[in-house]
$ cat target-v8.cif   # mmCIF, C-alpha atoms and all ligand atoms
data_work
loop_
_atom_site.label_atom_id
_atom_site.label_comp_id
_atom_site.auth_asym_id
_atom_site.auth_seq_id
_atom_site.Cartn_x
_atom_site.Cartn_y
_atom_site.Cartn_z
CA MET D 1 -42.28 22.41 52.61
CA LYS D 2 -42.48 19.52 50.18
CA LYS D 3 -43.26 21.96 47.40
CA PHE D 4 -40.15 24.00 48.33
CA PHE D 5 -37.87 20.94 48.00
CA ILE D 6 -39.36 20.01 44.63
CA LEU D 7 -38.72 23.57 43.37
CA LEU D 8 -35.16 23.52 44.73
CA ALA D 9 -34.46 20.15 43.06
CA ALA D 10 -35.86 21.42 39.74
CA PHE D 11 -33.69 24.55 39.95
CA ALA D 12 -30.53 22.54 40.72
CA LEU D 13 -31.26 20.15 37.86
CA SER D 14 -31.78 22.96 35.34
CA ALA D 15 -28.48 24.57 36.46
CA ILE D 16 -26.66 21.29 35.87
CA VAL D 17 -28.29 20.84 32.43
CA THR D 18 -27.36 24.42 31.39
CA ALA D 19 -23.75 24.02 32.56
CA ASP D 20 -23.57 20.71 30.78
CA ALA D 21 -24.96 22.18 27.55
CA GLN D 22 -22.53 25.08 27.73
CA LYS D 23 -19.70 22.64 28.12
CA LYS D 24 -20.72 20.89 24.91
CA ILE D 25 -20.87 24.06 22.77
CA PRO D 26 -17.48 24.31 21.07
CA PRO D 27 -15.87 27.72 20.52
CA VAL D 28 -15.31 27.00 16.80
CA HIS D 29 -17.31 24.84 14.47
CA ARG D 30 -15.79 24.34 11.01
CA THR D 31 -18.49 24.41 8.36
CA CYS D 32 -16.03 23.29 5.69
CA ASN D 33 -12.59 21.73 5.91
CA GLU D 34 -10.83 24.38 3.83
CA SER D 35 -7.43 22.79 4.32
CA THR D 36 -8.32 20.08 1.80
CA PHE D 37 -7.13 21.26 -1.62
CA ARG D 38 -8.93 20.02 -4.67
CA ARG D 39 -7.77 19.82 -8.27
CA THR D 40 -9.70 19.05 -11.45
CA GLU D 41 -8.10 16.00 -13.01
CA ILE D 42 -8.23 16.00 -16.80
CA ILE D 43 -7.53 12.44 -17.90
CA LEU D 44 -5.91 12.19 -21.33
CA PRO D 45 -4.33 9.19 -23.04
CA GLN D 46 -0.72 8.28 -23.82
CA VAL D 47 -0.25 8.99 -27.51
CA LYS D 48 2.47 7.08 -29.38
CA GLY D 49 4.48 6.76 -26.17
CA TYR D 50 4.10 10.43 -25.27
CA ASN D 51 2.23 11.84 -22.27
CA CYS D 52 -0.34 14.56 -22.89
CA TYR D 53 0.62 17.52 -20.70
CA LYS D 54 -1.86 20.37 -20.34
CA GLY D 55 -0.32 23.81 -20.67
CA ASP D 56 -1.23 27.48 -20.80
CA PHE D 57 1.59 29.51 -22.33
CA HIS D 58 -0.02 32.95 -21.99
CA VAL D 59 -1.25 34.38 -18.69
CA HIS D 60 -0.95 37.84 -17.11
CA THR D 61 -0.52 38.85 -13.49
CA SER D 62 -1.22 41.96 -11.45
CA TYR D 63 2.28 43.23 -12.30
CA SER D 64 1.17 44.03 -15.87
CA ASP D 65 -2.55 44.34 -16.68
CA GLY D 66 -3.95 41.24 -14.94
CA VAL D 67 -5.77 41.17 -11.62
CA VAL D 68 -4.28 38.00 -10.09
CA THR D 69 -0.85 37.71 -8.45
CA PRO D 70 1.80 35.26 -9.78
CA ALA D 71 1.09 32.95 -6.80
CA GLY D 72 -2.63 33.18 -7.61
CA ARG D 73 -2.00 32.20 -11.24
CA VAL D 74 -0.03 29.16 -10.14
CA ALA D 75 -2.84 28.13 -7.76
CA GLU D 76 -5.45 28.60 -10.51
CA ALA D 77 -3.45 26.46 -12.94
CA TRP D 78 -3.16 23.68 -10.38
CA TYR D 79 -6.85 23.77 -9.47
CA ASP D 80 -7.75 23.79 -13.19
CA GLY D 81 -5.79 20.59 -13.80
CA LEU D 82 -2.88 22.03 -15.79
CA ASP D 83 0.71 20.74 -15.77
CA ILE D 84 2.52 23.67 -17.41
CA ILE D 85 2.11 27.42 -17.14
CA ALA D 86 4.00 30.37 -18.61
CA ILE D 87 3.47 33.73 -16.95
CA THR D 88 3.87 36.18 -19.81
CA ASP D 89 3.46 39.69 -18.47
CA HIS D 90 3.80 42.60 -20.90
CA LEU D 91 7.35 43.84 -21.26
CA GLU D 92 6.13 47.31 -22.13
CA GLY D 93 3.03 47.97 -20.03
CA HIS D 94 2.72 47.71 -16.26
CA SER D 95 -0.48 49.31 -15.15
CA GLY D 96 -0.31 47.02 -12.12
CA VAL D 97 3.12 48.26 -11.02
CA ARG D 98 1.92 51.82 -11.53
CA ARG D 99 -1.09 51.03 -9.33
CA PHE D 100 1.08 49.56 -6.57
CA PHE D 101 3.41 52.53 -6.83
CA LYS D 102 0.52 54.91 -6.26
CA VAL D 103 -0.15 53.19 -2.95
CA THR D 104 3.42 52.61 -1.82
CA ALA D 105 5.39 55.47 -3.39
CA PRO D 106 7.12 57.93 -1.10
CA TYR D 107 6.26 61.61 -1.35
CA ASN D 108 8.62 63.98 -3.13
CA LYS D 109 9.96 67.31 -1.84
CA ASN D 110 6.73 69.11 -2.79
CA GLY D 111 4.63 66.63 -0.85
CA LYS D 112 3.29 64.99 -4.01
CA PRO D 113 3.47 61.22 -4.49
CA THR D 114 6.46 60.17 -6.59
CA ARG D 115 5.18 58.99 -9.95
CA TYR D 116 6.08 55.71 -11.58
CA VAL D 117 7.97 56.11 -14.84
CA ALA D 118 6.80 53.62 -17.48
CA ALA D 119 9.19 50.82 -18.28
CA GLY D 120 9.72 50.14 -21.96
CA SER D 121 7.36 51.49 -24.57
CA THR D 122 5.32 50.37 -27.55
CA SER D 123 6.09 53.68 -29.26
CA MET D 124 9.30 55.72 -29.37
CA PRO D 125 9.15 58.82 -27.12
CA LYS D 126 9.48 62.27 -28.76
CA SER D 127 13.04 62.46 -27.51
CA GLY D 128 13.91 59.54 -29.80
CA LYS D 129 15.71 57.90 -26.89
CA ASP D 130 15.00 54.21 -26.33
CA PRO D 131 13.18 54.15 -22.95
CA GLY D 132 14.65 50.80 -21.91
CA VAL D 133 13.14 48.72 -19.13
CA LYS D 134 13.16 49.62 -15.44
CA ILE D 135 11.60 46.66 -13.75
CA ASP D 136 12.89 43.26 -12.59
CA PHE D 137 10.78 40.88 -14.63
CA ASN D 138 12.60 37.85 -13.27
CA ALA D 139 11.15 38.65 -9.84
CA ILE D 140 7.64 37.93 -11.18
CA HIS D 141 8.74 34.48 -12.27
CA LYS D 142 10.56 33.88 -8.96
CA GLU D 143 7.40 34.77 -7.03
CA ALA D 144 5.41 32.21 -9.04
CA GLU D 145 8.11 29.56 -8.66
CA SER D 146 8.33 30.01 -4.90
CA ALA D 147 4.52 29.56 -4.60
CA ASN D 148 4.74 26.47 -6.81
CA LYS D 149 7.47 24.99 -4.57
CA SER D 150 6.01 25.92 -1.19
CA LYS D 151 2.59 24.49 -2.04
CA GLY D 152 4.11 21.42 -3.69
CA TYR D 153 2.01 21.85 -6.85
CA GLY D 154 4.75 20.43 -9.06
CA LEU D 155 3.79 22.52 -12.09
CA LEU D 156 6.36 23.18 -14.78
CA LEU D 157 6.80 26.96 -14.98
CA ILE D 158 8.14 28.31 -18.26
CA LYS D 159 9.79 31.72 -18.18
CA GLY D 160 8.18 34.10 -20.64
CA CYS D 161 6.85 37.57 -21.44
CA GLU D 162 4.68 39.32 -24.02
CA MET D 163 6.02 41.92 -26.45
CA ALA D 164 3.79 44.36 -28.32
CA ARG D 165 4.18 47.02 -30.98
CA ASN D 166 0.62 48.11 -31.68
CA LYS D 167 1.43 51.38 -33.37
CA LEU D 168 3.44 49.70 -36.07
CA LYS D 169 0.70 47.09 -36.49
CA LEU D 170 3.16 44.33 -35.89
CA GLY D 171 1.02 42.60 -33.30
CA HIS D 172 1.71 40.84 -30.02
CA TYR D 173 4.28 38.09 -29.45
CA ASN D 174 5.27 35.83 -26.57
CA ALA D 175 8.83 34.95 -25.68
CA LEU D 176 9.00 31.47 -24.12
CA PHE D 177 11.74 29.25 -22.64
CA VAL D 178 13.99 32.26 -21.96
CA GLU D 179 16.64 32.71 -19.25
CA ASP D 180 16.70 36.40 -18.39
CA LEU D 181 13.59 38.52 -18.96
CA ASN D 182 15.48 41.75 -18.23
CA THR D 183 17.72 41.53 -21.30
CA ILE D 184 15.03 41.02 -23.95
CA TYR D 185 13.48 44.45 -24.46
CA ASN D 186 14.55 46.54 -27.42
CA TYR D 187 12.43 49.20 -29.06
CA ASP D 188 13.15 47.47 -32.38
CA ILE D 189 11.04 44.38 -31.69
CA ARG D 190 13.03 42.34 -34.19
CA GLU D 191 16.10 42.94 -32.03
CA ALA D 192 14.02 41.79 -29.05
CA PHE D 193 13.21 38.58 -30.97
CA ARG D 194 16.93 38.08 -31.61
CA ASN D 195 17.58 38.56 -27.89
CA VAL D 196 15.05 35.80 -27.20
CA LYS D 197 16.78 33.49 -29.67
CA LYS D 198 20.20 34.27 -28.17
CA GLN D 199 18.86 32.89 -24.87
CA GLY D 200 17.63 29.72 -26.54
CA GLY D 201 14.01 30.87 -26.36
CA ILE D 202 11.27 30.95 -28.97
CA VAL D 203 8.80 33.58 -30.16
CA ILE D 204 5.14 32.86 -30.90
CA HIS D 205 2.58 35.11 -32.59
CA ASN D 206 -0.31 35.86 -30.21
CA HIS D 207 -4.01 36.33 -31.01
CA PRO D 208 -3.42 36.94 -34.74
CA GLY D 209 -7.10 37.56 -35.44
CA ASN D 210 -6.35 40.11 -38.13
CA VAL D 211 -4.77 38.14 -40.98
CA ALA D 212 -3.28 41.27 -42.55
CA LYS D 213 -1.06 41.53 -39.48
CA TYR D 214 1.19 38.72 -40.64
CA GLU D 215 1.16 39.40 -44.38
CA THR D 216 3.45 42.42 -44.28
CA ASP D 217 7.02 42.51 -45.60
CA TRP D 218 8.16 42.80 -42.00
CA HIS D 219 6.48 39.50 -41.12
CA HIS D 220 7.78 37.75 -44.22
CA SER D 221 11.36 38.72 -43.45
CA ALA D 222 11.00 37.88 -39.72
CA ARG D 223 9.75 34.47 -40.78
CA LYS D 224 12.62 34.02 -43.24
CA GLU D 225 15.05 34.81 -40.47
CA GLY D 226 13.44 32.03 -38.43
CA LEU D 227 12.41 34.38 -35.64
CA ILE D 228 8.83 33.10 -35.22
CA SER D 229 8.31 29.47 -34.20
CA GLY D 230 4.64 29.22 -33.33
CA VAL D 231 1.19 30.79 -33.52
CA GLU D 232 -1.69 31.01 -31.07
CA ILE D 233 -4.39 29.46 -33.25
CA ALA D 234 -6.77 29.81 -30.30
CA ASN D 235 -6.82 32.62 -27.75
CA GLY D 236 -9.57 32.07 -25.17
CA PHE D 237 -12.65 31.05 -27.13
CA SER D 238 -11.42 32.58 -30.42
CA PHE D 239 -10.12 30.04 -32.94
CA TYR D 240 -8.37 31.39 -36.06
CA PRO D 241 -8.88 28.75 -38.81
CA GLN D 242 -6.68 30.58 -41.32
CA MET D 243 -3.86 30.52 -38.79
CA LEU D 244 -4.18 26.73 -38.50
CA ASP D 245 -3.54 26.54 -42.26
CA ARG D 246 -0.63 28.95 -41.85
CA CYS D 247 0.93 26.70 -39.18
CA VAL D 248 0.55 23.60 -41.33
CA ASN D 249 1.99 25.32 -44.44
CA GLU D 250 4.86 27.07 -42.66
CA LYS D 251 5.59 24.28 -40.17
CA LEU D 252 4.87 26.43 -37.11
CA THR D 253 3.81 25.08 -33.72
CA LEU D 254 0.15 25.33 -32.72
CA PHE D 255 -0.71 26.99 -29.41
CA GLY D 256 -4.00 27.50 -27.59
CA ASN D 257 -3.85 29.76 -24.53
CA THR D 258 -6.21 31.67 -22.26
CA ASP D 259 -4.37 35.04 -22.24
CA THR D 260 -6.18 35.33 -18.93
CA HIS D 261 -6.23 38.80 -17.32
CA GLY D 262 -9.13 38.42 -14.87
CA VAL D 263 -9.98 35.56 -12.55
CA THR D 264 -9.74 32.54 -14.86
CA SER D 265 -12.68 30.62 -13.38
CA HIS D 266 -15.01 33.58 -14.08
CA ARG D 267 -14.62 32.88 -17.78
CA TYR D 268 -14.43 29.12 -17.88
CA SER D 269 -16.29 27.40 -15.04
CA THR D 270 -19.61 28.96 -16.03
CA THR D 271 -19.32 27.72 -19.63
CA GLY D 272 -18.82 24.10 -18.65
CA PHE D 273 -15.56 23.80 -20.61
CA TYR D 274 -12.03 23.37 -19.37
CA ARG D 275 -9.85 26.43 -19.85
CA THR D 276 -8.25 26.80 -23.27
CA MET D 277 -4.99 24.86 -23.36
CA THR D 278 -2.10 23.59 -25.42
CA ILE D 279 -1.78 19.82 -25.09
CA VAL D 280 1.93 19.03 -25.32
CA LEU D 281 2.96 15.50 -26.29
CA ALA D 282 6.18 15.00 -24.39
CA LYS D 283 8.13 12.16 -22.80
CA GLU D 284 8.29 13.80 -19.36
CA LEU D 285 7.36 16.97 -17.51
CA THR D 286 10.68 18.79 -17.81
CA GLU D 287 11.51 22.03 -19.58
CA LYS D 288 13.84 20.14 -21.93
CA ALA D 289 11.23 17.54 -22.95
CA VAL D 290 8.43 20.12 -23.28
CA LYS D 291 10.62 22.44 -25.35
CA ASP D 292 11.61 19.51 -27.56
CA ALA D 293 7.92 18.68 -28.13
CA VAL D 294 7.14 22.32 -28.95
CA LEU D 295 10.05 22.59 -31.40
CA LYS D 296 8.98 19.33 -33.07
CA ARG D 297 5.38 20.59 -33.31
CA ARG D 298 3.83 17.87 -31.13
CA THR D 299 0.89 19.92 -29.82
CA ILE D 300 -2.91 19.82 -29.99
CA VAL D 301 -5.09 22.77 -29.05
CA TYR D 302 -8.20 22.56 -26.85
CA SER D 303 -10.70 25.44 -26.86
CA GLY D 304 -14.38 25.43 -25.90
CA GLY D 305 -14.64 21.64 -26.17
CA ASP D 306 -13.01 21.58 -29.64
CA LEU D 307 -9.68 19.93 -30.47
CA ILE D 308 -7.63 21.60 -33.17
CA GLY D 309 -4.46 20.32 -34.81
CA GLU D 310 -2.61 18.40 -37.48
CA GLU D 311 -4.71 15.54 -38.85
CA GLU D 312 -2.05 12.95 -38.01
CA TRP D 313 -1.88 13.89 -34.33
CA LEU D 314 -5.67 14.18 -33.95
CA SER D 315 -6.04 10.71 -35.42
CA GLU D 316 -3.41 9.27 -33.07
CA PHE D 317 -5.00 11.10 -30.14
CA LEU D 318 -8.53 9.82 -30.85
CA ASN D 319 -7.29 6.28 -31.33
CA ALA D 320 -5.50 6.45 -27.99
CA ALA D 321 -8.55 8.05 -26.32
CA ILE D 322 -11.11 5.51 -27.60
CA ASP D 323 -11.21 1.76 -27.33
CA CYS D 324 -12.96 0.24 -30.34
CA ARG D 325 -14.03 -3.41 -30.06
CA LEU D 326 -16.20 -5.65 -32.22
CA LEU D 327 -19.40 -6.32 -30.26
CA ARG D 328 -21.28 -8.54 -32.73
CA GLU D 329 -21.59 -9.48 -36.35
CA ASP D 330 -24.94 -9.89 -38.08
CA LYS D 331 -24.16 -12.08 -41.08
CA GLU D 332 -27.73 -11.92 -42.42
CA LYS D 333 -27.80 -8.14 -42.42
CA GLY D 334 -24.15 -7.92 -43.34
CA SER D 335 -23.22 -5.57 -40.54
CA ARG D 336 -20.69 -5.39 -37.78
CA THR D 337 -21.38 -3.49 -34.56
CA TYR D 338 -18.54 -1.93 -32.63
CA ILE D 339 -18.49 -0.56 -29.11
CA LEU D 340 -16.55 2.68 -28.68
CA THR D 341 -15.37 3.44 -25.13
CA ASN D 342 -14.11 6.91 -24.22
CA LYS D 343 -11.27 6.64 -21.69
CA THR D 344 -10.68 10.41 -21.41
CA SER D 345 -12.20 13.53 -19.84
CA PHE D 346 -13.08 15.06 -23.24
CA THR D 347 -16.37 14.63 -25.13
CA TYR D 348 -16.25 13.63 -28.81
CA THR D 349 -19.05 14.51 -31.24
CA PHE D 350 -19.50 12.21 -34.25
CA ARG D 351 -21.62 12.81 -37.31
CA ARG D 352 -23.24 9.83 -39.02
CA GLY D 353 -25.35 10.99 -41.95
CA LYS D 354 -27.41 13.83 -40.57
CA THR D 355 -27.28 12.65 -36.96
CA MET D 356 -24.86 13.81 -34.29
CA HIS D 357 -23.75 11.45 -31.53
CA GLN D 358 -21.93 12.56 -28.42
CA LEU D 359 -19.50 10.20 -26.74
CA GLU D 360 -19.26 11.51 -23.19
CA PRO D 361 -16.22 11.01 -20.94
CA PHE D 362 -15.93 7.46 -19.58
CA HIS D 363 -18.98 6.27 -21.51
CA SER D 364 -19.49 3.92 -24.46
CA LEU D 365 -21.67 3.94 -27.56
CA THR D 366 -22.19 1.46 -30.38
CA PHE D 367 -22.00 2.02 -34.14
CA SER D 368 -22.82 -0.48 -36.88
CA PHE D 369 -20.93 -0.58 -40.17
CA GLY D 370 -22.13 -2.44 -43.29
CA LYS D 371 -20.36 -3.74 -46.36
CA ASP D 372 -18.89 -1.82 -49.23
CA LYS D 373 -21.24 -2.27 -52.19
CA LYS D 374 -18.43 -2.64 -54.73
CA SER D 375 -16.02 -4.94 -52.91
CA GLY D 376 -18.61 -6.69 -50.73
CA LYS D 377 -16.20 -6.37 -47.78
CA TYR D 378 -17.01 -4.87 -44.39
CA THR D 379 -16.13 -1.18 -44.18
CA ALA D 380 -13.66 -0.15 -41.50
CA PRO D 381 -15.08 1.72 -38.50
CA LYS D 382 -14.58 5.38 -39.34
CA VAL D 383 -15.90 8.43 -37.52
CA ASN D 384 -16.29 12.02 -38.64
CA VAL D 385 -15.38 14.08 -35.58
CA GLN D 386 -17.35 17.30 -35.47
CA ASN D 387 -15.48 18.83 -32.53
CA MET D 388 -12.09 18.34 -34.17
CA TRP D 389 -10.68 20.81 -36.69
CA ILE D 390 -7.92 20.31 -39.26
CA ALA D 391 -6.46 22.57 -41.98
CA GLY D 392 -8.95 23.78 -44.58
CA TYR D 393 -11.54 24.51 -41.85
CA LYS D 394 -12.56 20.84 -41.97
CA HIS D 395 -13.50 18.05 -39.56
CA PRO D 396 -11.38 14.91 -39.87
CA THR D 397 -12.77 11.47 -40.67
CA ILE D 398 -10.72 9.05 -38.60
CA GLU D 399 -10.43 5.29 -38.94
CA LEU D 400 -10.54 3.60 -35.55
CA LYS D 401 -8.04 0.83 -34.87
CA LYS D 402 -9.92 -2.23 -33.65
CA ASP D 403 -9.16 -4.39 -30.61
CA LYS D 404 -5.90 -2.64 -29.79
ZN ZN S 501 -1.64 40.48 -26.40
ZN ZN S 502 -1.59 38.79 -23.43
#
$ encode --input "target-v8.cif" --output "structure tokens"
Amino acid sequence: MKKFFILLAAFALSAIVTADAQKKIPPVHRTCNESTFRRTEIILPQVKGYNCYKGDFHVHTSYSDGVVTPAGRVAEAWYDGLDIIAITDHLEGHSGVRRFFKVTAPYNKNGKPTRYVAAGSTSMPKSGKDPGVKIDFNAIHKEAESANKSKGYGLLLIKGCEMARNKLKLGHYNALFVEDLNTIYNYDIREAFRNVKKQGGIVIHNHPGNVAKYETDWHHSARKEGLISGVEIANGFSFYPQMLDRCVNEKLTLFGNTDTHGVTSHRYSTTGFYRTMTIVLAKELTEKAVKDAVLKRRTIVYSGGDLIGEEEWLSEFLNAAIDCRLLREDKEKGSRTYILTNKTSFTYTFRRGKTMHQLEPFHSLTFSFGKDKKSGKYTAPKVNVQNMWIAGYKHPTIELKKDK
């Protein structure tokens, strides 16, 4: 009998424990709080009273030949730490729209899917009739803007598109800062450029890897007419040194863009570099201020860890990025040692003699400088920056301002 009661008590206890345990098992357990959004912050200095805004003025969406939607591009830009983005889908090619049409098109009388008729063209059809454009390009921009607003990203979206005339070997160009994307296309691309200008926009020459492409009579006269304002001296990880010289000689604005078609992080996060960008030195993050900076050529290009630009701006940038202070003076040796502190997210590589020194983000290093043999005076702290490029395919040697 006693045994029976012990068994009964044990059974009752186990039932209570099981019920209790079941009560404690929640129906959902979150393994990661996915509602917390994260952004890469790229810290850059104030240069001569201007803020350094990070922009990508050349990206494609799934409406032309990209794989990411406009809302996806906006999200990518925000996560990647950018401030400005221009969605520049092709005016003349919309493999994406054609793809969507295949899925959504109604069937015609014969039961076959209605086919999408190409909008615009890079070559004149046999009929000789200008094909025109049959797509609402402004809707692409609106879609991106509504994502930007609803998520509260606060990015500056610049209205743009890409124009191409491959067959005539004229190259690819971006229209930027335009009002109405639907009234730009013209089979004569020079007329399209004029349409851009009429709207107060600018045209930039994209990925001009083949130098011959801008040395034709057509390019010379387009330039004379003032139709081209800037050049992509870097497209993705390709830097075109001859184009940097061209920009300096012809007073064109320097751009560095991703021209991303796929998922942007696939290309950049694995390399350990930020995505290629145009650093715009502007007073504020408004279209007016950014356009003013672009027209006045206040840009620096970042690609694959390298900074490319006009010597004057690179010098100002480095001096704003680095604090240089006198650490000690050795009168016997006749040397002064300075401490260089990097206040930015970029790495700078200095060459001293045959040795390379990397100044990592938010780190310091020390350099000693002796006296000039002739004058007997201490030499100023100067650095040759190996990951900066100026015209002539050269690295600048920059004097650091002390104790700013
Ligand atoms: Zn292109
Ligand atoms: Zn493109």
$ residues_around --input "target-v8.cif" --residues "Glu225 in chain D" --least-positions-apart "2" --cutoff "12 Å" --atoms "all atoms listed in the file" --output "list in words"
Arg190, Glu191, Phe193, Arg194, Lys197, Trp218, His219, His220, Ser221, Ala222, Arg223, Leu227, Ile228 and Ser229 of chain D
$ atom_distance --input "target-v8.cif" --atom1 "CA of Glu312 in chain D" --atom2 "CA of Ile300 in chain D"
10.6 Å
$ residues_near_point --input "target-v8.cif" --point "(-5.6, 38.8, -10.8)" --cutoff "7 Å" --atoms "all atoms listed in the file" --output "number ranges by chain"
D: 61-62, 66-69, 261-263
$ write_last_selection --input "target-v8.cif" --atoms "C-alpha atoms" --output "JSON list (two decimals), in the frame of the given file"
[["chain", "number", "residue", "atom", "x", "y", "z"],
["D", 61, "THR", "CA", -0.52, 38.85, -13.49],
["D", 62, "SER", "CA", -1.22, 41.96, -11.45],
["D", 66, "GLY", "CA", -3.95, 41.24, -14.94],
["D", 67, "VAL", "CA", -5.77, 41.17, -11.62],
["D", 68, "VAL", "CA", -4.28, 38.00, -10.09],
["D", 69, "THR", "CA", -0.85, 37.71, -8.45],
["D", 261, "HIS", "CA", -6.23, 38.80, -17.32],
["D", 262, "GLY", "CA", -9.13, 38.42, -14.87],
["D", 263, "VAL", "CA", -9.98, 35.56, -12.55]]
$ residues_around --input "target-v8.cif" --residues "Gly55 in chain D" --least-positions-apart "2" --cutoff "8 Å" --atoms "only C-alpha atoms" --output "list in words"
Tyr53, Phe57, Leu82, Asp83, Ile84, Ile85, Asn257, Met277, Thr278, Ile279 and Val280 of chain D
$ residues_near_ligand --input "target-v8.cif" --ligand "ligand ZN 501 (chain S)" --cutoff "7 Å" --atoms "only C-alpha atoms and all ligand atoms" --output "PyMOL selection string"
chain D and resi 162+164+172+206-207
$ write_last_selection --input "target-v8.cif" --atoms "C-alpha atoms" --output "tab-separated table (two decimals), in the frame of the given file"
chain	number	residue	atom	x	y	z
D	162	GLU	CA	4.68	39.32	-24.02
D	164	ALA	CA	3.79	44.36	-28.32
D	172	HIS	CA	1.71	40.84	-30.02
D	206	ASN	CA	-0.31	35.86	-30.21
D	207	HIS	CA	-4.01	36.33	-31.01
$ residues_near_ligand --input "target-v8.cif" --ligand "ligand ZN 502 (chain S)" --cutoff "12 Å" --atoms "only C-alpha atoms and all ligand atoms" --output "JSON list (two decimals) with C-alpha atoms, keeping the file's coordinate frame"
[["chain", "number", "residue", "atom", "x", "y", "z"],
["D", 56, "ASP", "CA", -1.23, 27.48, -20.80],
["D", 57, "PHE", "CA", 1.59, 29.51, -22.33],
["D", 58, "HIS", "CA", -0.02, 32.95, -21.99],
["D", 59, "VAL", "CA", -1.25, 34.38, -18.69],
["D", 60, "HIS", "CA", -0.95, 37.84, -17.11],
["D", 61, "THR", "CA", -0.52, 38.85, -13.49],
["D", 64, "SER", "CA", 1.17, 44.03, -15.87],
["D", 65, "ASP", "CA", -2.55, 44.34, -16.68],
["D", 66, "GLY", "CA", -3.95, 41.24, -14.94],
["D", 86, "ALA", "CA", 4.00, 30.37, -18.61],
["D", 87, "ILE", "CA", 3.47, 33.73, -16.95],
["D", 88, "THR", "CA", 3.87, 36.18, -19.81],
["D", 89, "ASP", "CA", 3.46, 39.69, -18.47],
["D", 90, "HIS", "CA", 3.80, 42.60, -20.90],
["D", 91, "LEU", "CA", 7.35, 43.84, -21.26],
["D", 92, "GLU", "CA", 6.13, 47.31, -22.13],
["D", 93, "GLY", "CA", 3.03, 47.97, -20.03],
["D", 160, "GLY", "CA", 8.18, 34.10, -20.64],
["D", 161, "CYS", "CA", 6.85, 37.57, -21.44],
["D", 162, "GLU", "CA", 4.68, 39.32, -24.02],
["D", 163, "MET", "CA", 6.02, 41.92, -26.45],
["D", 164, "ALA", "CA", 3.79, 44.36, -28.32],
["D", 171, "GLY", "CA", 1.02, 42.60, -33.30],
["D", 172, "HIS", "CA", 1.71, 40.84, -30.02],
["D", 173, "TYR", "CA", 4.28, 38.09, -29.45],
["D", 174, "ASN", "CA", 5.27, 35.83, -26.57],
["D", 175, "ALA", "CA", 8.83, 34.95, -25.68],
["D", 204, "ILE", "CA", 5.14, 32.86, -30.90],
["D", 205, "HIS", "CA", 2.58, 35.11, -32.59],
["D", 206, "ASN", "CA", -0.31, 35.86, -30.21],
["D", 207, "HIS", "CA", -4.01, 36.33, -31.01],
["D", 208, "PRO", "CA", -3.42, 36.94, -34.74],
["D", 232, "GLU", "CA", -1.69, 31.01, -31.07],
["D", 235, "ASN", "CA", -6.82, 32.62, -27.75],
["D", 236, "GLY", "CA", -9.57, 32.07, -25.17],
["D", 257, "ASN", "CA", -3.85, 29.76, -24.53],
["D", 258, "THR", "CA", -6.21, 31.67, -22.26],
["D", 259, "ASP", "CA", -4.37, 35.04, -22.24],
["D", 260, "THR", "CA", -6.18, 35.33, -18.93],
["D", 261, "HIS", "CA", -6.23, 38.80, -17.32],
["D", 262, "GLY", "CA", -9.13, 38.42, -14.87]]
$ closest_residue --input "target-v8.cif" --among "D:Ala105, D:Val74, D:Val97, D:Cys247" --to "Arg297 in chain D" --atoms "only C-alpha atoms"
D:Cys247
$ atom_distance --input "target-v8.cif" --atom1 "CA of Ile339 in chain D" --atom2 "CA of Lys404 in chain D"
12.8 Å
$ residues_around --input "target-v8.cif" --residues "Leu326 in chain D" --least-positions-apart "2" --cutoff "8 Å" --atoms "all atoms listed in the file" --output "tab-separated table (two decimals) with C-alpha atoms, keeping the file's coordinate frame"
chain	number	residue	atom	x	y	z
D	324	CYS	CA	-12.96	0.24	-30.34
D	328	ARG	CA	-21.28	-8.54	-32.73
D	329	GLU	CA	-21.59	-9.48	-36.35
D	336	ARG	CA	-20.69	-5.39	-37.78
D	337	THR	CA	-21.38	-3.49	-34.56
D	338	TYR	CA	-18.54	-1.93	-32.63
D	339	ILE	CA	-18.49	-0.56	-29.11
D	402	LYS	CA	-9.92	-2.23	-33.65
D	403	ASP	CA	-9.16	-4.39	-30.61
$ residues_around --input "target-v8.cif" --residues "Leu295 in chain D" --least-positions-apart "4" --cutoff "9 Å" --atoms "only C-alpha atoms" --output "MDAnalysis selection string"
chainID D and resid 202 229:230 252:253 290:291
$ closest_residue --input "target-v8.cif" --among "D:Arg99, D:Tyr214, D:Lys159, D:Tyr268" --to "Gln199 in chain D" --atoms "only C-alpha atoms"
D:Lys159
$ closest_residue --input "target-v8.cif" --among "D:Pro70, D:Leu176, D:Thr183, D:Arg98" --to "Ser146 in chain D" --atoms "all atoms listed in the file"
D:Pro70
$ residues_around --input "target-v8.cif" --residues "Asp306 in chain D" --least-positions-apart "4" --cutoff "6 Å" --atoms "only C-alpha atoms" --output "JSON, numbers by chain"
{"D": [302, 387, 388]}
$ write_last_selection --input "target-v8.cif" --atoms "C-alpha atoms" --output "mmCIF file, keeping the file's coordinate frame"
data_model
loop_
_atom_site.group_PDB
_atom_site.id
_atom_site.type_symbol
_atom_site.label_atom_id
_atom_site.label_comp_id
_atom_site.auth_asym_id
_atom_site.auth_seq_id
_atom_site.Cartn_x
_atom_site.Cartn_y
_atom_site.Cartn_z
ATOM 1 C CA TYR D 302 -8.200 22.560 -26.850
ATOM 2 C CA ASN D 387 -15.480 18.830 -32.530
ATOM 3 C CA MET D 388 -12.090 18.340 -34.170
#
$ closest_residue --input "target-v8.cif" --among "D:Asn384, D:Lys224, D:Gly200, D:Ala75" --to "Asp292 in chain D" --atoms "all atoms listed in the file"
D:Gly200
$ atom_distance --input "target-v8.cif" --atom1 "CA of Val47 in chain D" --atom2 "CA of Arg298 in chain D"
10.4 Å
